[in-house]
Amino acid sequence: MKEFSPITQPHLSIPHQVAWQSPSNIALVKYWGKYDPQLPANPSVSLTLNQCRTNTSVWCGPRPSAATGTYSFEFLLSGTPKPDFHPKIEGFFHRISSYLPFLTQVHLRIESENTFPHSSGIASSASAMSALALCLWQIARGAEALSDPEFYRQASYLARLGSGSACRSIWGPVVVWGETPGIPQASQEFGWASDRVHPVFADYQDTILLIDQGQKSVSSTVGHQLMVGHPFAEARFKQAHDHLGQMMEVLAQGDLDRFIDLVEREALTLHALMMASNPSFVLMKPATLAVIEKIRAYRKATQNPVCFTLDAGANVHVLYPKSISKTVLQWIQDELVVYCEKESYICDTVGSGSSPING
Ligand code: PMV
């Protein structure tokens, strides 16, 4: 991004505290495969969520004279210090420190909490990295920058360097990441919020069935790597461009039949790629497949436009319009919750993105 220059003279008033909340997002056309520096091998588009959020506050103060590392910081999750997260945060700082040189000159106390259970198997990197990027960028640019649309594009750029999908969590309801023919605004480096979204998607429902709440058996870092030399990589990347173009039409027109067809094929393609990788991974559980079959049978029997998508894990996102939410939620409770670990599920809806927490 041309206009993105390092802030060498930040508006730093120390000590200083800022806080942001940022949601998770669920990809409809999946990003799978990347190259340095955290750029996507194919374009993706997601729905921003609303309930699954990370709230992060960052206190920025003087660097203690005894500090020895490149960066001086603490990280607390739900009030508990979590040193095991330090390498990931340090890696992020390392990737963004040329844009935020003050990172080596201060002490940061980062406090985060997720509104969803940490062990739920829900990817928290998108919400966590976008909330942290927004905090750091506000510290660098000052509160007056919040009215500048560039502020958010630049925050998305930084968030991408923390976790690729995080760059899509800044806005809602529909965000594209990655260059593709036909969308001149789309960039490899930051997300772009589409302004052509049919009202049916503005409050679409996502009920997340927590099939397996354990640690993911393949991290997304390892997963993206599997696309290097993957026998189907070239065809997949080409398909993603094609699917993205179709998906943007569907999202603008509100064509639910085509939406369902594309969303489910994208989800299964992501898992098919993992199954065909070397080494190969099967991330679906028997209950994931049972739920998929149930959803397809229910849709056939009722004609209700309910479909599924999957992340890189066993959990199932059940997507449907708000207008039928009462009926569908009842059916989920009657028929699907039994497949969830500890009968756990999260009712989410499409949301509008990140916002500062005042107070
Ligand atoms: O942002 P990462 O590196 O955690 O990768 C996310 C990959 C998927 O969630 C599987 C797909 C996507 O586009 O969000």
# chains A, B, ... in the order shown; residues from 1 in each chain; ligands from 1
$ residues_near_ligand --ligand "ligand 1" --cutoff "10 Å" --atoms "only C-alpha atoms and all ligand atoms" --output "mmCIF file with N, CA and C atoms, in the first residue's frame"
data_model
loop_
_atom_site.group_PDB
_atom_site.id
_atom_site.type_symbol
_atom_site.label_atom_id
_atom_site.label_comp_id
_atom_site.auth_asym_id
_atom_site.auth_seq_id
_atom_site.Cartn_x
_atom_site.Cartn_y
_atom_site.Cartn_z
ATOM 1 N N SER A 24 -14.902 -12.398 14.947
ATOM 2 C CA SER A 24 -14.392 -13.451 14.091
ATOM 3 C C SER A 24 -15.093 -13.324 12.727
ATOM 4 N N ASN A 25 -14.680 -14.079 11.757
ATOM 5 C CA ASN A 25 -15.419 -14.095 10.486
ATOM 6 C C ASN A 25 -15.397 -15.516 9.948
ATOM 7 N N ILE A 26 -16.368 -15.807 9.072
ATOM 8 C CA ILE A 26 -16.396 -17.147 8.477
ATOM 9 C C ILE A 26 -16.299 -17.003 6.952
ATOM 10 N N ALA A 27 -15.282 -17.643 6.385
ATOM 11 C CA ALA A 27 -15.066 -17.519 4.941
ATOM 12 C C ALA A 27 -16.105 -18.323 4.170
ATOM 13 N N LEU A 28 -16.585 -17.733 3.086
ATOM 14 C CA LEU A 28 -17.506 -18.435 2.175
ATOM 15 C C LEU A 28 -16.686 -19.020 1.027
ATOM 16 N N VAL A 29 -15.775 -18.210 0.485
ATOM 17 C CA VAL A 29 -14.741 -18.720 -0.431
ATOM 18 C C VAL A 29 -13.454 -18.687 0.388
ATOM 19 N N LYS A 30 -12.826 -19.840 0.514
ATOM 20 C CA LYS A 30 -11.764 -20.017 1.512
ATOM 21 C C LYS A 30 -10.382 -19.605 1.010
ATOM 22 N N TYR A 31 -9.657 -19.003 1.911
ATOM 23 C CA TYR A 31 -8.224 -18.705 1.707
ATOM 24 C C TYR A 31 -7.450 -19.923 2.206
ATOM 25 N N TRP A 32 -6.689 -20.545 1.330
ATOM 26 C CA TRP A 32 -5.910 -21.730 1.728
ATOM 27 C C TRP A 32 -4.670 -21.781 0.869
ATOM 28 N N GLY A 33 -3.557 -21.371 1.438
ATOM 29 C CA GLY A 33 -2.311 -21.237 0.684
ATOM 30 C C GLY A 33 -1.852 -19.790 0.740
ATOM 31 N N LYS A 34 -0.559 -19.594 1.078
ATOM 32 C CA LYS A 34 -0.058 -18.215 1.162
ATOM 33 C C LYS A 34 1.418 -18.168 0.808
ATOM 34 N N GLN A 38 2.819 -13.051 4.130
ATOM 35 C CA GLN A 38 1.428 -13.320 4.492
ATOM 36 C C GLN A 38 0.451 -12.810 3.420
ATOM 37 N N PRO A 40 -2.169 -13.886 0.205
ATOM 38 C CA PRO A 40 -2.965 -15.078 -0.102
ATOM 39 C C PRO A 40 -2.683 -15.636 -1.488
ATOM 40 N N ASN A 42 -4.878 -17.259 -3.067
ATOM 41 C CA ASN A 42 -6.120 -17.064 -3.810
ATOM 42 C C ASN A 42 -7.013 -16.077 -3.043
ATOM 43 N N PRO A 43 -7.944 -15.437 -3.745
ATOM 44 C CA PRO A 43 -8.813 -14.485 -3.061
ATOM 45 C C PRO A 43 -9.869 -15.202 -2.220
ATOM 46 N N SER A 44 -10.379 -14.515 -1.207
ATOM 47 C CA SER A 44 -11.403 -15.096 -0.332
ATOM 48 C C SER A 44 -12.453 -14.035 -0.015
ATOM 49 N N VAL A 45 -13.604 -14.509 0.445
ATOM 50 C CA VAL A 45 -14.639 -13.571 0.909
ATOM 51 C C VAL A 45 -15.307 -14.186 2.134
ATOM 52 N N SER A 46 -15.612 -13.337 3.106
ATOM 53 C CA SER A 46 -16.196 -13.857 4.345
ATOM 54 C C SER A 46 -17.383 -13.018 4.801
ATOM 55 N N LEU A 47 -18.178 -13.649 5.666
ATOM 56 C CA LEU A 47 -19.203 -12.932 6.430
ATOM 57 C C LEU A 47 -18.579 -12.621 7.781
ATOM 58 N N ILE A 122 -13.095 -22.744 17.976
ATOM 59 C CA ILE A 122 -13.385 -21.625 17.079
ATOM 60 C C ILE A 122 -12.072 -20.865 16.889
ATOM 61 N N ALA A 123 -11.745 -20.553 15.641
ATOM 62 C CA ALA A 123 -10.497 -19.823 15.381
ATOM 63 C C ALA A 123 -10.582 -18.458 16.040
ATOM 64 N N SER A 124 -9.652 -18.165 16.937
ATOM 65 C CA SER A 124 -9.686 -16.856 17.587
ATOM 66 C C SER A 124 -8.640 -15.930 16.990
ATOM 67 N N SER A 125 -7.812 -16.441 16.048
ATOM 68 C CA SER A 125 -6.727 -15.585 15.563
ATOM 69 C C SER A 125 -7.263 -14.394 14.763
ATOM 70 N N ALA A 126 -8.363 -14.557 14.045
ATOM 71 C CA ALA A 126 -8.889 -13.438 13.251
ATOM 72 C C ALA A 126 -9.350 -12.309 14.168
ATOM 73 N N SER A 127 -10.132 -12.660 15.195
ATOM 74 C CA SER A 127 -10.623 -11.614 16.098
ATOM 75 C C SER A 127 -9.483 -11.072 16.956
ATOM 76 N N MET A 129 -6.097 -11.010 16.431
ATOM 77 C CA MET A 129 -5.077 -10.223 15.733
ATOM 78 C C MET A 129 -5.646 -8.905 15.207
ATOM 79 N N ALA A 159 -3.262 -6.141 10.557
ATOM 80 C CA ALA A 159 -3.918 -7.354 11.069
ATOM 81 C C ALA A 159 -3.545 -8.554 10.203
ATOM 82 N N ARG A 160 -3.475 -8.345 8.883
ATOM 83 C CA ARG A 160 -3.097 -9.425 7.961
ATOM 84 C C ARG A 160 -1.738 -10.015 8.305
ATOM 85 N N LEU A 161 -0.853 -9.159 8.800
ATOM 86 C CA LEU A 161 0.482 -9.653 9.133
ATOM 87 C C LEU A 161 0.471 -10.462 10.431
ATOM 88 N N GLY A 162 -0.648 -10.395 11.178
ATOM 89 C CA GLY A 162 -0.808 -11.238 12.376
ATOM 90 C C GLY A 162 -1.426 -12.572 12.006
ATOM 91 N N SER A 163 -2.494 -12.511 11.238
ATOM 92 C CA SER A 163 -3.181 -13.718 10.766
ATOM 93 C C SER A 163 -3.944 -13.292 9.521
ATOM 94 N N GLY A 164 -3.752 -13.998 8.429
ATOM 95 C CA GLY A 164 -4.331 -13.560 7.156
ATOM 96 C C GLY A 164 -5.799 -13.193 7.268
ATOM 97 N N SER A 165 -6.600 -14.127 7.793
ATOM 98 C CA SER A 165 -8.047 -13.902 7.826
ATOM 99 C C SER A 165 -8.426 -12.726 8.721
ATOM 100 N N ALA A 166 -7.523 -12.286 9.610
ATOM 101 C CA ALA A 166 -7.818 -11.161 10.510
ATOM 102 C C ALA A 166 -8.073 -9.869 9.740
ATOM 103 N N CYS A 167 -7.493 -9.759 8.533
ATOM 104 C CA CYS A 167 -7.670 -8.512 7.783
ATOM 105 C C CYS A 167 -9.116 -8.322 7.345
ATOM 106 N N ARG A 168 -9.918 -9.423 7.370
ATOM 107 C CA ARG A 168 -11.323 -9.314 6.954
ATOM 108 C C ARG A 168 -12.241 -8.949 8.109
ATOM 109 N N VAL A 176 -13.898 -8.893 1.218
ATOM 110 C CA VAL A 176 -13.065 -9.629 0.246
ATOM 111 C C VAL A 176 -11.601 -9.360 0.563
ATOM 112 N N TRP A 177 -10.795 -10.376 0.433
ATOM 113 C CA TRP A 177 -9.337 -10.194 0.565
ATOM 114 C C TRP A 177 -8.666 -10.942 -0.583
ATOM 115 N N SER A 219 -2.427 -26.744 12.434
ATOM 116 C CA SER A 219 -2.542 -25.290 12.594
ATOM 117 C C SER A 219 -2.713 -24.690 11.210
ATOM 118 N N SER A 220 -3.249 -23.467 11.133
ATOM 119 C CA SER A 220 -3.427 -22.925 9.786
ATOM 120 C C SER A 220 -2.076 -22.626 9.147
ATOM 121 N N THR A 221 -1.060 -22.339 9.968
ATOM 122 C CA THR A 221 0.280 -22.106 9.396
ATOM 123 C C THR A 221 0.743 -23.352 8.630
ATOM 124 N N VAL A 222 0.605 -24.503 9.280
ATOM 125 C CA VAL A 222 0.989 -25.766 8.630
ATOM 126 C C VAL A 222 0.071 -26.029 7.430
ATOM 127 N N GLY A 223 -1.207 -25.754 7.623
ATOM 128 C CA GLY A 223 -2.197 -26.006 6.573
ATOM 129 C C GLY A 223 -1.881 -25.243 5.287
ATOM 130 N N HIS A 224 -1.608 -23.947 5.416
ATOM 131 C CA HIS A 224 -1.303 -23.139 4.217
ATOM 132 C C HIS A 224 -0.077 -23.702 3.494
ATOM 133 N N ALA A 267 -16.632 -25.380 1.215
ATOM 134 C CA ALA A 267 -16.284 -26.019 2.495
ATOM 135 C C ALA A 267 -15.690 -27.397 2.261
ATOM 136 N N LEU A 270 -12.149 -27.287 0.743
ATOM 137 C CA LEU A 270 -11.098 -27.026 1.731
ATOM 138 C C LEU A 270 -10.668 -28.338 2.393
ATOM 139 N N HIS A 271 -11.649 -29.145 2.776
ATOM 140 C CA HIS A 271 -11.314 -30.417 3.444
ATOM 141 C C HIS A 271 -10.737 -31.425 2.459
ATOM 142 N N LEU A 310 -17.557 -25.037 6.731
ATOM 143 C CA LEU A 310 -16.591 -25.590 7.691
ATOM 144 C C LEU A 310 -15.350 -24.718 7.681
ATOM 145 N N ASP A 311 -14.692 -24.644 8.819
ATOM 146 C CA ASP A 311 -13.370 -24.045 8.880
ATOM 147 C C ASP A 311 -12.378 -25.200 8.827
ATOM 148 N N ALA A 312 -11.122 -24.930 9.155
ATOM 149 C CA ALA A 312 -10.146 -26.025 9.150
ATOM 150 C C ALA A 312 -10.278 -26.796 10.462
ATOM 151 N N GLY A 313 -11.413 -27.450 10.657
ATOM 152 C CA GLY A 313 -11.679 -28.208 11.875
ATOM 153 C C GLY A 313 -12.986 -28.977 11.719
#
$ residues_around --residues "A:Lys82" --least-positions-apart "5" --cutoff "12 Å" --atoms "only C-alpha atoms" --output "number ranges by chain"
A: 73-77, 87-89, 109-113
$ write_last_selection --atoms "N, CA, C and O atoms" --output "mmCIF file, in the first residue's frame"
data_model
loop_
_atom_site.group_PDB
_atom_site.id
_atom_site.type_symbol
_atom_site.label_atom_id
_atom_site.label_comp_id
_atom_site.auth_asym_id
_atom_site.auth_seq_id
_atom_site.Cartn_x
_atom_site.Cartn_y
_atom_site.Cartn_z
ATOM 1 N N PHE A 73 6.743 -6.759 26.855
ATOM 2 C CA PHE A 73 5.274 -6.813 26.940
ATOM 3 C C PHE A 73 4.815 -7.956 27.835
ATOM 4 O O PHE A 73 5.572 -8.888 28.122
ATOM 5 N N GLU A 74 3.556 -7.834 28.297
ATOM 6 C CA GLU A 74 2.889 -8.940 29.002
ATOM 7 C C GLU A 74 1.604 -9.213 28.251
ATOM 8 O O GLU A 74 1.036 -8.297 27.650
ATOM 9 N N PHE A 75 1.149 -10.463 28.323
ATOM 10 C CA PHE A 75 -0.121 -10.803 27.684
ATOM 11 C C PHE A 75 -0.982 -11.577 28.670
ATOM 12 O O PHE A 75 -0.538 -12.566 29.246
ATOM 13 N N LEU A 76 -2.208 -11.076 28.870
ATOM 14 C CA LEU A 76 -3.141 -11.761 29.775
ATOM 15 C C LEU A 76 -4.390 -12.141 28.990
ATOM 16 O O LEU A 76 -4.937 -11.319 28.232
ATOM 17 N N LEU A 77 -4.830 -13.378 29.148
ATOM 18 C CA LEU A 77 -6.086 -13.821 28.538
ATOM 19 C C LEU A 77 -7.068 -14.073 29.671
ATOM 20 O O LEU A 77 -6.774 -14.861 30.583
ATOM 21 N N PRO A 87 5.452 -16.149 21.836
ATOM 22 C CA PRO A 87 6.127 -16.299 20.533
ATOM 23 C C PRO A 87 5.261 -15.811 19.369
ATOM 24 O O PRO A 87 5.746 -15.162 18.440
ATOM 25 N N LYS A 88 3.958 -16.100 19.416
ATOM 26 C CA LYS A 88 3.072 -15.691 18.325
ATOM 27 C C LYS A 88 2.984 -14.155 18.270
ATOM 28 O O LYS A 88 3.039 -13.548 17.192
ATOM 29 N N ILE A 89 2.861 -13.541 19.455
ATOM 30 C CA ILE A 89 2.756 -12.076 19.504
ATOM 31 C C ILE A 89 4.079 -11.443 19.059
ATOM 32 O O ILE A 89 4.092 -10.469 18.306
ATOM 33 N N ARG A 109 1.116 -3.726 27.979
ATOM 34 C CA ARG A 109 0.369 -4.720 28.742
ATOM 35 C C ARG A 109 -0.896 -5.000 27.934
ATOM 36 O O ARG A 109 -1.759 -4.134 27.791
ATOM 37 N N ILE A 110 -0.967 -6.202 27.379
ATOM 38 C CA ILE A 110 -2.069 -6.556 26.475
ATOM 39 C C ILE A 110 -3.022 -7.470 27.235
ATOM 40 O O ILE A 110 -2.618 -8.530 27.718
ATOM 41 N N GLU A 111 -4.272 -7.032 27.348
ATOM 42 C CA GLU A 111 -5.263 -7.872 28.045
ATOM 43 C C GLU A 111 -6.387 -8.198 27.069
ATOM 44 O O GLU A 111 -6.999 -7.297 26.494
ATOM 45 N N SER A 112 -6.645 -9.493 26.894
ATOM 46 C CA SER A 112 -7.667 -9.925 25.939
ATOM 47 C C SER A 112 -8.673 -10.843 26.600
ATOM 48 O O SER A 112 -8.340 -11.565 27.544
ATOM 49 N N GLU A 113 -9.878 -10.804 26.097
ATOM 50 C CA GLU A 113 -10.841 -11.852 26.463
ATOM 51 C C GLU A 113 -11.702 -12.154 25.251
ATOM 52 O O GLU A 113 -12.005 -11.267 24.460
#
$ closest_residue --among "A:Gln21, A:His243, A:Asp348, A:Lys294" --to "A:Ile332" --atoms "only C-alpha atoms"
A:Lys294
$ select_by_dssp --residues "stretch 144-287 of chain A" --states "strand (DSSP E or B)" --output "list in words"
Trp171, Val174, Val175, Val176, Trp177, Gly191, Trp192, Ala193, Gln205, Asp206, Thr207, Ile208 and Leu209 of chain A
$ atom_distance --atom1 "atom CA of A:Val337" --atom2 "atom CA of A:Asn114"
22.6 Å
$ atom_distance --atom1 "atom CA of A:Trp192" --atom2 "atom CA of A:Trp59"
29.1 Å
$ select_by_dssp --residues "stretch 60-230 of chain A" --states "helix (DSSP H, G or I)" --output "PyMOL selection string"
chain A and resi 83-96+101-104+118-120+125-141+143-147+149-162+164-168+199-202+220-225
$ closest_residue --among "A:Ala140, A:Leu100, A:Val250, A:Cys52" --to "A:Val18" --atoms "only C-alpha atoms"
A:Ala140
$ closest_residue --among "A:Thr302, A:Thr288, A:Ser13, A:Ser323" --to "A:Val106" --atoms "only C-alpha atoms"
A:Ser13
$ closest_residue --among "A:Val228, A:Leu12, A:Ala186, A:Cys60" --to "A:Ala143" --atoms "only C-alpha atoms"
A:Leu12
$ residues_around --residues "A:Ser65" --least-positions-apart "3" --cutoff "12 Å" --atoms "only C-alpha atoms" --output "list in words"
Pro62, Thr68, Gly69, Ser72, Gln105, Val106 and His107 of chain A
$ write_last_selection --atoms "N, CA, C and O atoms" --output "mmCIF file, in the first residue's frame"
data_model
loop_
_atom_site.group_PDB
_atom_site.id
_atom_site.type_symbol
_atom_site.label_atom_id
_atom_site.label_comp_id
_atom_site.auth_asym_id
_atom_site.auth_seq_id
_atom_site.Cartn_x
_atom_site.Cartn_y
_atom_site.Cartn_z
ATOM 1 N N PRO A 62 6.255 3.351 29.768
ATOM 2 C CA PRO A 62 7.706 3.388 29.547
ATOM 3 C C PRO A 62 8.320 1.997 29.607
ATOM 4 O O PRO A 62 7.874 1.155 30.390
ATOM 5 N N THR A 68 15.154 -6.829 28.682
ATOM 6 C CA THR A 68 16.270 -7.335 27.874
ATOM 7 C C THR A 68 15.854 -7.698 26.442
ATOM 8 O O THR A 68 16.653 -7.600 25.523
ATOM 9 N N GLY A 69 14.608 -8.124 26.251
ATOM 10 C CA GLY A 69 14.185 -8.594 24.927
ATOM 11 C C GLY A 69 14.010 -7.423 23.954
ATOM 12 O O GLY A 69 14.047 -6.253 24.343
ATOM 13 N N SER A 72 9.171 -5.431 25.028
ATOM 14 C CA SER A 72 8.836 -5.613 26.438
ATOM 15 C C SER A 72 7.317 -5.611 26.537
ATOM 16 O O SER A 72 6.670 -4.588 26.245
ATOM 17 N N GLN A 105 10.360 0.498 21.879
ATOM 18 C CA GLN A 105 10.754 1.572 22.810
ATOM 19 C C GLN A 105 9.853 1.683 24.035
ATOM 20 O O GLN A 105 10.038 2.567 24.863
ATOM 21 N N VAL A 106 8.817 0.825 24.112
ATOM 22 C CA VAL A 106 7.814 0.977 25.176
ATOM 23 C C VAL A 106 7.590 -0.374 25.868
ATOM 24 O O VAL A 106 8.141 -1.407 25.455
ATOM 25 N N HIS A 107 6.754 -0.338 26.914
ATOM 26 C CA HIS A 107 6.254 -1.579 27.497
ATOM 27 C C HIS A 107 4.756 -1.652 27.199
ATOM 28 O O HIS A 107 4.038 -0.650 27.326
#
$ closest_residue --among "A:Ser22, A:Leu39, A:Thr309, A:Ala297" --to "A:Ser187" --atoms "only C-alpha atoms"
A:Leu39
$ residues_around --residues "A:Gly254" --least-positions-apart "5" --cutoff "12 Å" --atoms "only C-alpha atoms" --output "PyMOL selection string"
chain A and resi 196-202+204+246-249+259-260+305+321
$ residues_around --residues "A:His241" --least-positions-apart "2" --cutoff "8 Å" --atoms "only C-alpha atoms" --output "PyMOL selection string"
chain A and resi 42-43+180-181+237-239+243-245
$ atom_distance --atom1 "atom CA of A:Ala155" --atom2 "atom CA of A:Asp36"
18.6 Å
$ closest_residue --among "A:Ser277, A:Asn315, A:Gln185, A:Asn304" --to "A:Tyr345" --atoms "only C-alpha atoms"
A:Asn315
